[in-house]
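Undergrad: Quick one: structure below, then a few questions.
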Amino acid sequence: MFPACSPADQFKNQSSKKLSELVKEAGFPPGVVNTVPSYGPVGGAALAAHLDVDKVAFTGSTATGRKVMEAAAKSNLKKISLELGGKSPHLVFSSADLDQAANWAALGICYNTGQDCTAGSRVYVQNDVYDRFIELLVSKVRKQVIGDGFDNASGGGPVVSKGQYDKVWSYIESGKQEGAKAILGGVKRAGKGYYIDPTIFTEIRADMKIVKEEVREQVFNRRRSDSDIYLQIFGPVLSVGRFETEEEAIALANDTTYGLGAGLHSSA
């Protein structure tokens, strides 16, 4: 079967529609690239189970990835590539170049306004450099401009929808209620637009929702409304914790059921 794209929701459909227009404009013969706007339970499920499809690549939630894997196994044992949800950590050791580590940590959560499967949504810092690192991190994140995506001064735009905006704010409020300290952000803007300023939480615990729950989740087995397209944070919300030893750092980083990416900052 020729390459096909089956966007799972109305917002990604717009990007795929534009891509299809560019493919046609570039002169690709008809049928080389096919875009199938559809919900996951319809178009996605059909592609995953079709006997004439030899390969499926899926980006989304762990739960949906399991369903894609199951459909591939039950059909023709097609090859699959899965990029699933994450709760990616950065580990910052005392030997690190703290300025560069802060640059990467800021980029990791601010890129695309945190709407990225590999967003570095957790940072753990060795105790003896924690205070200095926090100063650097806050100064760099504060410089990020969240505004109109067509403005060259903007480093990030709004989140994708009203439903996602509400979902991110529910997690920010959850962080506050569970005792985390918002040292940057955490206050809604006035005016129009689904803009969320980067929020940094400290004084975190491993059992907090903002620390444990994955960056992204999508639903495969039912039709969805705007409000449940993303069931997890998927926004510019960063949790920062401490560690003393290398063993403790590794344990904190691995204290998650997700394993999509990680960052390590050290010169030792």
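Letters for chains follow the order of the structure tokens (A, B, ...), residue numbers begin at 1 for each chain, and ligand numbers begin at 1 in the order shown.
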Taking only C-alpha atoms into account, produce a table as a Markdown table in which each residue of segment 105-146 of chain A with an atom at most 9 Å from an atom of segment 247-256 of chain A appears once, together with its shortest atom pair and the distance in Å to one decimal, ordered by chain and rising number.
TA:
| residue | atom | partner | partner_atom | distance |
| --- | --- | --- | --- | --- |
| A:Arg122 | CA | A:Ala253 | CA | 8.3 |
| A:Val123 | CA | A:Ala253 | CA | 8.7 |
| A:Tyr124 | CA | A:Ala249 | CA | 7.0 |
| A:Val125 | CA | A:Ala249 | CA | 8.3 |
| A:Gln126 | CA | A:Ala249 | CA | 8.1 |
Undergrad: Suppose we keep C-alpha atoms; can you now write the selection as a tab-separated table (two decimals), in the first residue's frame?
TA:
chain	number	residue	atom	x	y	z
A	122	ARG	CA	10.81	16.50	34.98
A	123	VAL	CA	14.19	17.85	36.10
A	124	TYR	CA	16.20	16.47	39.03
A	125	VAL	CA	19.17	18.49	40.30
A	126	GLN	CA	21.97	17.50	42.66
Undergrad: Write out, as a Markdown table, each residue of segment 126-219 of chain A that has an atom at most 7 Å from segment 99-121 of chain A, together with the closest pair of atoms and their distance in Å to one decimal, counting only C-alpha atoms, rows going by chain and rising number.
TA:
| residue | atom | partner | partner_atom | distance |
| --- | --- | --- | --- | --- |
| A:Phe133 | CA | A:Ala102 | CA | 6.8 |
| A:Leu136 | CA | A:Ala102 | CA | 6.1 |
| A:Leu137 | CA | A:Ala102 | CA | 4.9 |
| A:Lys140 | CA | A:Ala106 | CA | 6.6 |
| A:Val141 | CA | A:Ala106 | CA | 5.5 |
| A:Gly156 | CA | A:Thr113 | CA | 5.2 |
| A:Gly157 | CA | A:Thr113 | CA | 6.4 |
| A:Val159 | CA | A:Thr113 | CA | 6.8 |
| A:Pro198 | CA | A:Cys110 | CA | 6.7 |
| A:Val215 | CA | A:Cys117 | CA | 6.3 |
| A:Arg216 | CA | A:Cys117 | CA | 6.3 |
Undergrad: Running DSSP on the backbone, which parts of segment 104-198 of chain A land in alpha helix (DSSP H), as a count of residues only?
TA: 36
Undergrad: Find the distance between atom CA of Val129 of chain A and atom CA of Ser94 of chain A and write it in Å to one decimal.
TA: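 Straight-line distance from atom CA of Val129 of chain A to atom CA of Ser94 of chain A works out to 5.6 Å.
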Undergrad: Compile the contact shell of Ser81 of chain A as a list of chain:residue names: residues with an atom at most 8 Å away, counting only C-alpha atoms, same-chain residues fewer than 3 positions apart removed.
TA: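 Answer for this query is A:Val56, A:Ala57, A:Phe58.
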Undergrad: Would you please work out which residue, of A:Ala153, A:Val187, A:Val160, A:His90, is nearest to Glu173 of chain A when using only C-alpha atoms?
TA: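 For Glu173 of chain A, the nearest of the given residues is A:Val187.
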Undergrad: Restricting the calculation to only C-alpha atoms, which member of A:Glu70, A:Ala182, A:Pro89, A:Lys192 is positioned closest to Ile204 of chain A?
TA: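 Among A:Glu70, A:Ala182, A:Pro89, A:Lys192, it is A:Ala182 that comes nearest to Ile204 of chain A.
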Undergrad: What does the distance between atom CA of Ser38 of chain A and atom CA of Arg66 of chain A come to in Å, to one decimal place?
TA: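 About the pair atom CA of Ser38 of chain A and atom CA of Arg66 of chain A: they are 19.4 Å apart.
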Undergrad: Just list the residues in segment 29-268 of chain A DSSP gives strand (DSSP E or B) on the backbone, as a ChimeraX atom specification.
TA: /A:34-35,55-59,79-83,89-92,122-126,146,156,181-184,199-202,237-243,263-265
Undergrad: Find the residues near Ile183 of chain A: any atom within 10 Å, counting only C-alpha atoms, skip ones fewer than 2 places away on the same chain, and give them as a ChimeraX atom specification.
TA: /A:134,138,180-181,185-186,199-203
Undergrad: Return the single residue from A:Ser139, A:Thr62, A:Asn152, A:Ser95 that is closest to Leu184 of chain A, with distances computed using only C-alpha atoms.
TA: A:Ser139
Undergrad: Might you pull out every residue within 9 Å of Lys212 of chain A, with only C-alpha atoms counted and same-chain residues fewer than 2 positions away left off, and present them as a list of chain:residue names?
TA: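 Those residues are A:Lys87, A:Ala206, A:Asp207, A:Met208, A:Lys209, A:Ile210, A:Glu214, A:Asp255, A:Thr256, A:Thr257.
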Undergrad: For the atom pair atom CA of Leu77 of chain A and atom CA of Gly40 of chain A, what is the interatomic distance in Å to one decimal place?
TA: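 These atoms are spaced 19.6 Å apart.
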